[in-house]
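Down below is the structure, laid out as C-alpha cells.
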Amino acid sequence: MGLTEQQIERYSRQIILKEVGGPGQEKLLASKVLIVGAGGLGSPAALYLAAAGLGTIGIIDADRVDLTNLQRQIIHFSDDIGKEKVASAAEKIKAVNPDTAVETYLERATATNIRGIIKEYDFVLDGTDNFPAKFLINDACYFEKVPFSHAGILRFDGQMITVLPGRTACYRCVFDKPPPAGLVPSCSEAGVLGPLAGVIGCLQATEVLKYLLGVGELLTNRLLVFDALGLQFREVKVSRNPDCRICGQKPSITELADEEQAVCDLKASQ
Amino acid sequence: MKLVINGKDVETSGSQSVTELLKEQKVKWPDMVSVELNGQIIKRDSFSSTTLGEGDKVEFLYFMGGGRGAN
C-alpha cells in the first residue's frame, strides 16, 4: 500500500515507535473497528482511533444527542443536540482524520442484526450502557470469533476486559447472565463521573491498537477494576469457566438471542 | 476468620457461606455481584452451600453497565 508523505508526517510520533513503524501504521490504515455505542466510552475511543489512523471505524447507535450526554460524551458538542449520535460522531471523526472511513448504523444492536455487522470488522469495542447489549456483544463476538473489548462504568468505578473468543475468558465466564431486572437501580439514580468514561474508553482504544499491531500483553484473563476516588487500578485474574453458558464445556447457548431488557429501560418508557 | 476480600485483609465473624459473607459485608444487591473464590467463579446457586476457609481470597465482581450497578 505505502504511506504518503503526509501520512508519514501525520503519524510520525507513533511511526517512530519501533512497535509501530511504517508496517504497523499500514496495518492500522487497513483495519476495521466497530464501536457499539457512541456514548461515554465510545466517544474518546473513536477520537483516538481516528487520530491514530484506523482505516475504518464503524459506529452503531440508535440514539440522538441529548443535553445530559454532553457531560461525558465528548465527541458530541452543544450544537449537536437533537442530531443522530452516529452522524455527530462521524462528522468529528472525519474532521480529526480524513483518512478514516466511517460506517454508521442508525440502529440498536439486536440478535437479528449484530452478527451481520460485526463479521465485517477486525475488532469490536463495547461502549454500550446496558446489560442486554453487553451480553449480546459477548455472544455475537463468540459466534463470529471477533475479539472485543468489554467495559463498564458506574459512578466512580470502571472495569474492563479484552476477550479473544474461544481462547480467553469471556464476559459470561465471569458474569453468567444479566442481573435480575427488578433489582437494577434506575439509570438516573446512579450517575457517572465524566473523565472516568475517558479513562476507560482510552484504555479500550489502547487495547484495540495493541491487538491490531500485535504488540504487548492484552488485558485477557484479567478483569481490570478502576476506582477513581481512590485512584487505584486493581487486576482480578479470571479464567475460562467450564460452566460458561457460551464458551464452556456444555454450552446452553447455541444461537444468538436477545437478553431481556432491564427494568431501567422499562421505567424510562413508562 | 481472616479473608482477603477484593485485595484487602478482612476479619470476618467465623466460618460462613458465600451468602452469609455477602450479608455480613453489607453488599446491597447480592444478585448484582459475581463471586470469585481463589480464582474460580462460584455458581450463584452454590453461594449458600460454599463455605469459606481461613485465608481464602474472595473477589466481589460488580456488574457495571453505564449508570446502573450493585453497590
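All residue names refer to the C-alpha cells as shown: chains lettered A, B, ... in order, residues numbered from 1 in each chain, ligands numbered from 1 in order.
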### Message
Can you tell me which residues surround A:Arg108 at a distance of at most 10 Å, considering only C-alpha atoms, apart from same-chain residues fewer than 3 positions away, and format the answer as a list in words?
### Response
Val36, Gly37, Ile60, Asp61, Ala62, Asp63, Tyr105, Ala111, Asn113, Ile114 and Ala133 of chain A
Residues of chain B within 12 Å of chain A, only C-alpha atoms counted, as a CSV table (one decimal) with C-alpha atoms, in the first residue's frame:
```csv
chain,number,residue,atom,x,y,z
B,5,ILE,CA,-11.7,-9.6,50.0
B,6,ASN,CA,-11.0,-7.6,46.9
B,7,GLY,CA,-7.3,-7.5,47.8
B,8,LYS,CA,-7.9,-6.3,51.4
B,28,LYS,CA,-26.6,-4.2,49.0
B,29,TRP,CA,-27.6,-6.1,45.9
B,30,PRO,CA,-26.0,-9.5,46.1
B,31,ASP,CA,-27.7,-10.6,42.9
B,32,MET,CA,-25.6,-7.9,41.1
B,33,VAL,CA,-22.3,-9.5,42.2
B,34,SER,CA,-20.3,-12.3,40.8
B,35,VAL,CA,-18.1,-14.0,43.3
B,36,GLU,CA,-14.7,-15.5,42.6
B,37,LEU,CA,-13.2,-17.7,45.3
B,38,ASN,CA,-9.5,-18.4,45.0
B,39,GLY,CA,-9.6,-17.8,41.3
B,40,GLN,CA,-12.7,-19.7,40.4
B,41,ILE,CA,-16.1,-18.2,39.7
B,42,ILE,CA,-18.8,-19.6,42.1
B,43,LYS,CA,-22.1,-20.6,40.6
B,44,ARG,CA,-24.9,-18.4,42.0
B,45,ASP,CA,-26.9,-21.4,43.1
B,57,LYS,CA,-9.2,-15.0,48.5
B,58,VAL,CA,-12.6,-13.7,47.6
B,59,GLU,CA,-13.4,-11.2,44.9
B,60,PHE,CA,-16.8,-9.5,44.6
B,61,LEU,CA,-17.1,-8.5,41.0
B,62,TYR,CA,-19.8,-6.0,40.4
B,63,PHE,CA,-22.0,-5.7,37.3
B,64,MET,CA,-21.2,-2.4,35.6
B,65,GLY,CA,-23.3,-1.2,32.8
B,66,GLY,CA,-23.4,2.5,32.3
B,67,GLY,CA,-25.2,4.3,35.0
B,68,ARG,CA,-26.5,1.3,37.0
B,69,GLY,CA,-25.0,-1.3,39.2
B,70,ALA,CA,-24.6,-3.0,42.5
B,71,ASN,CA,-23.2,-1.0,45.5
```
Exercise. Hey, what's within 12 Å of A:Lys32 if we count only C-alpha atoms and toss same-chain stuff fewer than 5 positions away? As a PyMOL selection string, please?
Worked result: chain A and resi 27+46+49-50+53-59+100-103+117-125+146+208-209+211-212
With C-alpha atoms kept, could you save the residues just selected as a PDB file, in the first residue's frame?
```pdb
ATOM      1  CA  LYS A  27      -1.846  -2.256   9.285  1.00  0.00           C
ATOM      2  CA  ALA A  46     -13.456   6.893  18.432  1.00  0.00           C
ATOM      3  CA  LEU A  49      -8.638   5.632  16.994  1.00  0.00           C
ATOM      4  CA  ALA A  50      -9.378   8.123  14.228  1.00  0.00           C
ATOM      5  CA  GLY A  53      -5.214   6.370  11.553  1.00  0.00           C
ATOM      6  CA  LEU A  54      -7.645   3.483  11.754  1.00  0.00           C
ATOM      7  CA  GLY A  55      -8.781   2.628   8.238  1.00  0.00           C
ATOM      8  CA  THR A  56     -12.451   2.199   9.032  1.00  0.00           C
ATOM      9  CA  ILE A  57     -14.459   2.949  12.149  1.00  0.00           C
ATOM     10  CA  GLY A  58     -17.992   1.597  12.305  1.00  0.00           C
ATOM     11  CA  ILE A  59     -20.394   3.139  14.798  1.00  0.00           C
ATOM     12  CA  THR A 100     -10.541   7.277   8.323  1.00  0.00           C
ATOM     13  CA  ALA A 101     -13.645   5.924   6.628  1.00  0.00           C
ATOM     14  CA  VAL A 102     -16.752   5.858   8.798  1.00  0.00           C
ATOM     15  CA  GLU A 103     -19.609   3.390   8.548  1.00  0.00           C
ATOM     16  CA  ILE A 117     -22.377  -6.196  11.153  1.00  0.00           C
ATOM     17  CA  ILE A 118     -19.560  -7.445  13.375  1.00  0.00           C
ATOM     18  CA  LYS A 119     -18.322 -10.050  10.934  1.00  0.00           C
ATOM     19  CA  GLU A 120     -17.136  -7.175   8.730  1.00  0.00           C
ATOM     20  CA  TYR A 121     -14.781  -5.967  11.470  1.00  0.00           C
ATOM     21  CA  ASP A 122     -11.417  -6.944  12.939  1.00  0.00           C
ATOM     22  CA  PHE A 123     -12.272  -5.879  16.474  1.00  0.00           C
ATOM     23  CA  VAL A 124     -15.331  -4.713  18.422  1.00  0.00           C
ATOM     24  CA  LEU A 125     -15.338  -2.125  21.191  1.00  0.00           C
ATOM     25  CA  VAL A 146     -14.245 -11.487  16.568  1.00  0.00           C
ATOM     26  CA  VAL A 208      -7.575  -2.022  20.022  1.00  0.00           C
ATOM     27  CA  LEU A 209      -4.262  -0.638  18.803  1.00  0.00           C
ATOM     28  CA  TYR A 211      -4.379  -6.048  19.182  1.00  0.00           C
ATOM     29  CA  LEU A 212      -4.167  -4.716  15.638  1.00  0.00           C
TER      30      LEU A 212
END
```
Pairwise distance, atom CA of A:Ala205 with atom CA of A:Ala109, equals 20.5 Å
Exercise. Using DSSP on the backbone, list every residue of stretch 9-225 of chain A that comes out as strand (DSSP E), and give them as number ranges by chain.
Key: A: 32-36, 56-60, 101-105, 123-126, 148-154, 157-163, 222-225
Could you please take those selected residues and save C-alpha atoms as a short mmCIF file (atom, residue, chain, number, x, y, z; two decimals), in the first residue's frame?
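What follows is the written file out.cif:
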```
data_model
loop_
_atom_site.label_atom_id
_atom_site.label_comp_id
_atom_site.auth_asym_id
_atom_site.auth_seq_id
_atom_site.Cartn_x
_atom_site.Cartn_y
_atom_site.Cartn_z
CA LYS A 32 -11.72 -2.01 10.66
CA VAL A 33 -13.04 -1.50 14.18
CA LEU A 34 -16.68 -1.41 15.25
CA ILE A 35 -17.69 0.80 18.17
CA VAL A 36 -21.02 -0.18 19.68
CA THR A 56 -12.45 2.20 9.03
CA ILE A 57 -14.46 2.95 12.15
CA GLY A 58 -17.99 1.60 12.31
CA ILE A 59 -20.39 3.14 14.80
CA ILE A 60 -23.69 1.67 15.82
CA ALA A 101 -13.64 5.92 6.63
CA VAL A 102 -16.75 5.86 8.80
CA GLU A 103 -19.61 3.39 8.55
CA THR A 104 -22.67 4.37 10.53
CA TYR A 105 -25.50 2.14 11.68
CA PHE A 123 -12.27 -5.88 16.47
CA VAL A 124 -15.33 -4.71 18.42
CA LEU A 125 -15.34 -2.12 21.19
CA ASP A 126 -18.24 -2.40 23.62
CA PHE A 148 -13.62 -7.41 21.60
CA SER A 149 -13.03 -5.08 24.49
CA HIS A 150 -15.69 -5.09 27.18
CA ALA A 151 -16.01 -2.18 29.58
CA GLY A 152 -18.49 -0.85 32.09
CA ILE A 153 -18.54 2.30 34.18
CA LEU A 154 -20.58 3.36 37.15
CA ASP A 157 -15.73 2.87 39.16
CA GLY A 158 -14.90 1.24 35.90
CA GLN A 159 -13.93 -2.20 34.73
CA MET A 160 -12.77 -3.75 31.52
CA ILE A 161 -11.52 -6.96 29.94
CA THR A 162 -10.38 -7.97 26.47
CA VAL A 163 -11.83 -11.17 25.08
CA ARG A 222 -7.82 -10.47 33.90
CA LEU A 223 -10.51 -8.02 34.79
CA LEU A 224 -9.19 -4.52 35.33
CA VAL A 225 -11.07 -2.65 38.03
#
```
_If you run DSSP on the backbone here, which positions in chain B get helix (DSSP H, G or I)? Please write them as number ranges by chain._
B: 18-24, 30-32, 44-46
Store the residues picked out above in a file with C-alpha atoms, as a compact mmCIF listing (two decimals), in the first residue's frame.
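Done, and the output landed in again-v1.txt:
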```
# COMPACT_ATOMS: atom_id res chain seq x y z
CA VAL B 18 -20.74 -17.03 50.48
CA THR B 19 -24.36 -15.96 51.03
CA GLU B 20 -23.64 -15.15 54.69
CA LEU B 21 -20.45 -13.30 53.78
CA LEU B 22 -22.32 -11.13 51.27
CA LYS B 23 -24.79 -10.27 54.03
CA GLU B 24 -22.09 -9.58 56.63
CA PRO B 30 -26.01 -9.55 46.13
CA ASP B 31 -27.70 -10.58 42.88
CA MET B 32 -25.62 -7.93 41.11
CA ARG B 44 -24.87 -18.41 42.03
CA ASP B 45 -26.89 -21.44 43.14
CA SER B 46 -23.86 -22.65 45.13
```
Expressed in Å, the length from atom CA of B:Glu54 to atom CA of B:Ser15 is 8.3 Å
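Straight-line separation from atom CA of A:Ala95 to atom CA of A:Leu29: 16.5 Å.
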